[in-house]
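See below for coords.txt, which holds compact mmCIF, C-alpha atoms.
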# COMPACT_ATOMS: atom_id res chain seq x y z
CA LEU V 1 30.77 -41.10 44.40
CA LEU V 2 34.45 -41.47 43.54
CA ASP V 3 34.79 -37.70 43.14
CA PRO V 4 35.39 -36.06 46.56
CA GLN V 5 33.23 -33.05 45.72
CA LEU V 6 30.28 -35.20 44.65
CA ALA V 7 30.70 -37.55 47.60
CA SER V 8 30.84 -34.67 50.10
CA GLY V 9 27.69 -33.12 48.62
CA TYR V 10 25.96 -36.49 48.74
CA LEU V 11 26.91 -37.00 52.40
CA THR V 12 25.88 -33.46 53.35
CA ALA V 13 22.46 -33.91 51.74
CA ALA V 14 22.06 -37.32 53.39
CA LEU V 15 22.88 -35.93 56.84
CA GLN V 16 20.17 -33.32 56.42
CA GLU V 17 17.72 -36.18 55.83
CA GLY V 18 18.59 -37.85 59.12
CA GLU V 19 21.04 -40.17 60.84
CA GLN V 20 19.85 -43.40 59.23
CA VAL V 21 20.03 -41.92 55.74
CA PHE V 22 23.50 -40.52 56.52
CA LEU V 23 24.90 -43.87 57.67
CA LEU V 24 23.57 -45.62 54.58
CA ALA V 25 25.01 -42.84 52.41
CA ILE V 26 28.44 -43.35 53.98
CA ARG V 27 28.12 -47.01 53.12
CA ASP V 28 27.28 -46.08 49.50
CA VAL V 29 30.45 -43.98 49.31
CA VAL V 30 32.48 -46.77 50.91
CA GLU V 31 31.19 -49.27 48.36
CA ALA V 32 31.98 -46.90 45.49
CA GLN V 33 35.51 -46.37 46.80
CA GLY V 34 36.58 -49.97 47.31
CA GLY V 35 34.17 -51.57 49.75
CA ILE V 36 34.05 -52.51 53.41
CA GLY V 37 37.13 -54.76 53.16
CA SER V 38 39.31 -51.90 51.97
CA LEU V 39 37.82 -49.60 54.59
CA ALA V 40 38.51 -52.14 57.35
CA LYS V 41 42.17 -52.24 56.35
CA ALA V 42 42.46 -48.46 56.08
CA THR V 43 40.78 -47.80 59.44
CA GLU V 44 41.93 -50.91 61.32
CA LEU V 45 38.29 -51.44 62.30
CA ASN V 46 36.56 -54.82 62.24
CA ARG V 47 34.64 -55.61 59.00
CA GLU V 48 31.60 -56.92 60.84
CA GLY V 49 31.60 -53.86 63.09
CA LEU V 50 31.73 -51.61 60.04
CA TYR V 51 28.77 -53.40 58.46
CA THR V 52 26.83 -52.91 61.69
CA ALA V 53 27.89 -49.29 62.21
CA LEU V 54 26.98 -48.34 58.65
CA SER V 55 23.57 -49.98 58.70
CA LYS V 56 20.16 -48.37 59.01
CA ASP V 57 20.22 -49.04 62.76
CA GLY V 58 23.93 -48.33 63.19
CA ASN V 59 25.25 -46.23 66.01
CA PRO V 60 28.97 -45.72 65.40
CA ARG V 61 31.19 -44.07 67.95
CA LEU V 62 32.48 -40.65 67.00
CA SER V 63 36.02 -42.05 66.90
CA SER V 64 34.92 -44.74 64.41
CA LEU V 65 33.01 -42.24 62.31
CA THR V 66 36.06 -39.97 62.21
CA LYS V 67 38.29 -42.85 61.09
CA ILE V 68 35.80 -43.82 58.39
CA LEU V 69 35.47 -40.29 57.07
CA ASN V 70 39.23 -39.76 57.14
CA ALA V 71 39.73 -42.94 55.11
CA LEU V 72 37.24 -41.55 52.57
CA GLY V 73 39.11 -38.25 52.45
CA MET V 74 36.30 -36.43 54.27
CA LYS V 75 36.04 -34.40 57.44
CA LEU V 76 33.25 -33.19 59.67
CA GLU V 77 32.53 -29.48 59.63
CA PHE V 78 30.13 -27.36 61.62
CA ALA V 79 28.06 -24.39 60.54
CA PRO V 80 25.36 -22.39 62.27
CA LEU V 81 21.77 -23.19 61.48
CA GLU V 82 20.51 -20.80 58.83
CA ASP V 83 17.21 -20.08 60.56
CA LYS V 84 18.66 -19.77 64.06
CA GLU V 85 18.30 -16.23 65.43
CA LYS V 86 21.04 -14.72 67.55
Representation of the structure as structure tokens:
Amino acid sequence: LLDPQLASGYLTAALQEGEQVFLLAIRDVVEAQGGIGSLAKATELNREGLYTALSKDGNPRLSSLTKILNALGMKLEFAPLEDKEK
């Protein structure tokens, strides 16, 4: 999960599984890339808040999620649903 390509594929697959799986996957990437302490410094977010936000029952704000992903070298992207008809 240190490689950005592998980490982004991992996060994309996790998001398709659901929000809880996605938040735990972000935490896996964070741990692989230095841990919550390093992330807290990089994002200027509270360590305890990060642990809560990236838990199974977490509910991070979009601004926090964006800061976290930016610190991991990731960004959110949008694409149309493949089975959605026009």
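Distance annotation: of V:Ile26, V:Leu81, V:Ala32, V:Ala14, the residue with the minimal separation from Ile68 (chain V) is V:Ile26; atom set is all atoms listed in the file.
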Take every atom of region 29-33 of chain V listed in the file, pad by 8 Å on each side, and give me the axis-aligned box centre and edge lengths in Å, one decimal, as JSON.
{"center_x": 33.0, "center_y": -46.6, "center_z": 48.2, "size_x": 21.1, "size_y": 21.3, "size_z": 21.4}
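Using all atoms listed in the file for every distance, the candidate list V:Leu6, V:Leu76, V:Ala13, V:Leu50 yields V:Leu50 as the residue closest to Arg27 (chain V).
The nearest approach to Lys75 (chain V) among the residues V:Glu44, V:Leu62, V:Ser38, V:Leu1, with all atoms listed in the file taken into account, belongs to V:Leu62.
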Q: List every protein, DNA or RNA residue that has at least one atom no more than 12 Å from (34.7, -32.1, 49.0) in the file's coordinates, counting only C-alpha atoms, and write the result as a PyMOL selection string.
A: chain V and resi 1-12+69+72-77
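If you look at CA of Tyr51 (chain V) and CA of Val21 (chain V), they are 14.7 Å away from each other.
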Kindly write region 51-83 of chain V with N, CA and C atoms to a file, as an mmCIF file, in the first residue's frame.
data_model
loop_
_atom_site.group_PDB
_atom_site.id
_atom_site.type_symbol
_atom_site.label_atom_id
_atom_site.label_comp_id
_atom_site.auth_asym_id
_atom_site.auth_seq_id
_atom_site.Cartn_x
_atom_site.Cartn_y
_atom_site.Cartn_z
ATOM 1 N N TYR V 51 -8.737 8.649 14.407
ATOM 2 C CA TYR V 51 -9.070 7.269 14.766
ATOM 3 C C TYR V 51 -10.581 7.037 14.666
ATOM 4 N N THR V 52 -11.351 7.990 15.147
ATOM 5 C CA THR V 52 -12.811 7.869 15.102
ATOM 6 C C THR V 52 -13.319 7.933 13.670
ATOM 7 N N ALA V 53 -12.838 8.905 12.908
ATOM 8 C CA ALA V 53 -13.306 9.086 11.533
ATOM 9 C C ALA V 53 -12.999 7.881 10.659
ATOM 10 N N LEU V 54 -11.855 7.247 10.908
ATOM 11 C CA LEU V 54 -11.435 6.114 10.084
ATOM 12 C C LEU V 54 -11.733 4.773 10.756
ATOM 13 N N SER V 55 -12.819 4.746 11.493
ATOM 14 C CA SER V 55 -13.266 3.507 12.120
ATOM 15 C C SER V 55 -14.458 2.961 11.338
ATOM 16 N N LYS V 56 -14.872 1.769 11.699
ATOM 17 C CA LYS V 56 -16.005 1.124 11.033
ATOM 18 C C LYS V 56 -17.253 2.003 11.087
ATOM 19 N N ASP V 57 -17.437 2.711 12.173
ATOM 20 C CA ASP V 57 -18.613 3.566 12.345
ATOM 21 C C ASP V 57 -18.300 5.037 12.111
ATOM 22 N N GLY V 58 -17.157 5.317 11.494
ATOM 23 C CA GLY V 58 -16.746 6.701 11.264
ATOM 24 C C GLY V 58 -17.669 7.420 10.303
ATOM 25 N N ASN V 59 -17.657 8.729 10.422
ATOM 26 C CA ASN V 59 -18.471 9.567 9.548
ATOM 27 C C ASN V 59 -17.715 10.883 9.339
ATOM 28 N N PRO V 60 -16.580 10.817 8.629
ATOM 29 C CA PRO V 60 -15.776 12.030 8.477
ATOM 30 C C PRO V 60 -16.459 13.064 7.598
ATOM 31 N N ARG V 61 -16.170 14.306 7.902
ATOM 32 C CA ARG V 61 -16.640 15.399 7.049
ATOM 33 C C ARG V 61 -15.899 15.315 5.724
ATOM 34 N N LEU V 62 -16.498 15.849 4.690
ATOM 35 C CA LEU V 62 -15.856 15.849 3.376
ATOM 36 C C LEU V 62 -14.535 16.606 3.432
ATOM 37 N N SER V 63 -14.485 17.691 4.179
ATOM 38 C CA SER V 63 -13.243 18.462 4.285
ATOM 39 C C SER V 63 -12.140 17.638 4.951
ATOM 40 N N SER V 64 -12.489 16.837 5.946
ATOM 41 C CA SER V 64 -11.499 15.971 6.601
ATOM 42 C C SER V 64 -11.059 14.865 5.657
ATOM 43 N N LEU V 65 -12.008 14.267 4.965
ATOM 44 C CA LEU V 65 -11.683 13.206 4.022
ATOM 45 C C LEU V 65 -10.764 13.720 2.920
ATOM 46 N N THR V 66 -11.026 14.910 2.434
ATOM 47 C CA THR V 66 -10.180 15.513 1.406
ATOM 48 C C THR V 66 -8.764 15.742 1.933
ATOM 49 N N LYS V 67 -8.631 16.250 3.155
ATOM 50 C CA LYS V 67 -7.311 16.451 3.748
ATOM 51 C C LYS V 67 -6.564 15.131 3.900
ATOM 52 N N ILE V 68 -7.275 14.107 4.331
ATOM 53 C CA ILE V 68 -6.663 12.794 4.522
ATOM 54 C C ILE V 68 -6.170 12.242 3.193
ATOM 55 N N LEU V 69 -7.033 12.278 2.190
ATOM 56 C CA LEU V 69 -6.650 11.750 0.882
ATOM 57 C C LEU V 69 -5.505 12.553 0.268
ATOM 58 N N ASN V 70 -5.542 13.861 0.416
ATOM 59 C CA ASN V 70 -4.443 14.690 -0.099
ATOM 60 C C ASN V 70 -3.122 14.315 0.563
ATOM 61 N N ALA V 71 -3.149 14.088 1.870
ATOM 62 C CA ALA V 71 -1.931 13.708 2.590
ATOM 63 C C ALA V 71 -1.398 12.357 2.110
ATOM 64 N N LEU V 72 -2.301 11.503 1.615
ATOM 65 C CA LEU V 72 -1.905 10.197 1.091
ATOM 66 C C LEU V 72 -1.537 10.265 -0.393
ATOM 67 N N GLY V 73 -1.652 11.458 -0.968
ATOM 68 C CA GLY V 73 -1.359 11.614 -2.389
ATOM 69 C C GLY V 73 -2.480 11.115 -3.271
ATOM 70 N N MET V 74 -3.697 11.147 -2.768
ATOM 71 C CA MET V 74 -4.878 10.667 -3.493
ATOM 72 C C MET V 74 -5.859 11.797 -3.709
ATOM 73 N N LYS V 75 -6.771 11.583 -4.646
ATOM 74 C CA LYS V 75 -7.847 12.543 -4.870
ATOM 75 C C LYS V 75 -9.120 11.779 -5.185
ATOM 76 N N LEU V 76 -10.240 12.429 -4.939
ATOM 77 C CA LEU V 76 -11.532 11.864 -5.304
ATOM 78 C C LEU V 76 -11.784 12.140 -6.776
ATOM 79 N N GLU V 77 -12.363 11.167 -7.453
ATOM 80 C CA GLU V 77 -12.759 11.355 -8.842
ATOM 81 C C GLU V 77 -14.156 10.793 -9.013
ATOM 82 N N PHE V 78 -14.856 11.302 -10.000
ATOM 83 C CA PHE V 78 -16.211 10.843 -10.258
ATOM 84 C C PHE V 78 -16.297 10.271 -11.657
ATOM 85 N N ALA V 79 -17.128 9.256 -11.808
ATOM 86 C CA ALA V 79 -17.362 8.619 -13.093
ATOM 87 C C ALA V 79 -18.820 8.192 -13.136
ATOM 88 N N PRO V 80 -19.399 8.152 -14.320
ATOM 89 C CA PRO V 80 -20.782 7.699 -14.401
ATOM 90 C C PRO V 80 -20.897 6.212 -14.071
ATOM 91 N N LEU V 81 -22.039 5.834 -13.563
ATOM 92 C CA LEU V 81 -22.289 4.427 -13.310
ATOM 93 C C LEU V 81 -22.324 3.687 -14.646
ATOM 94 N N GLU V 82 -21.721 2.534 -14.694
ATOM 95 C CA GLU V 82 -21.624 1.802 -15.953
ATOM 96 C C GLU V 82 -22.974 1.309 -16.433
ATOM 97 N N ASP V 83 -23.869 0.954 -15.524
ATOM 98 C CA ASP V 83 -25.158 0.404 -15.938
ATOM 99 C C ASP V 83 -26.278 1.445 -15.985
#
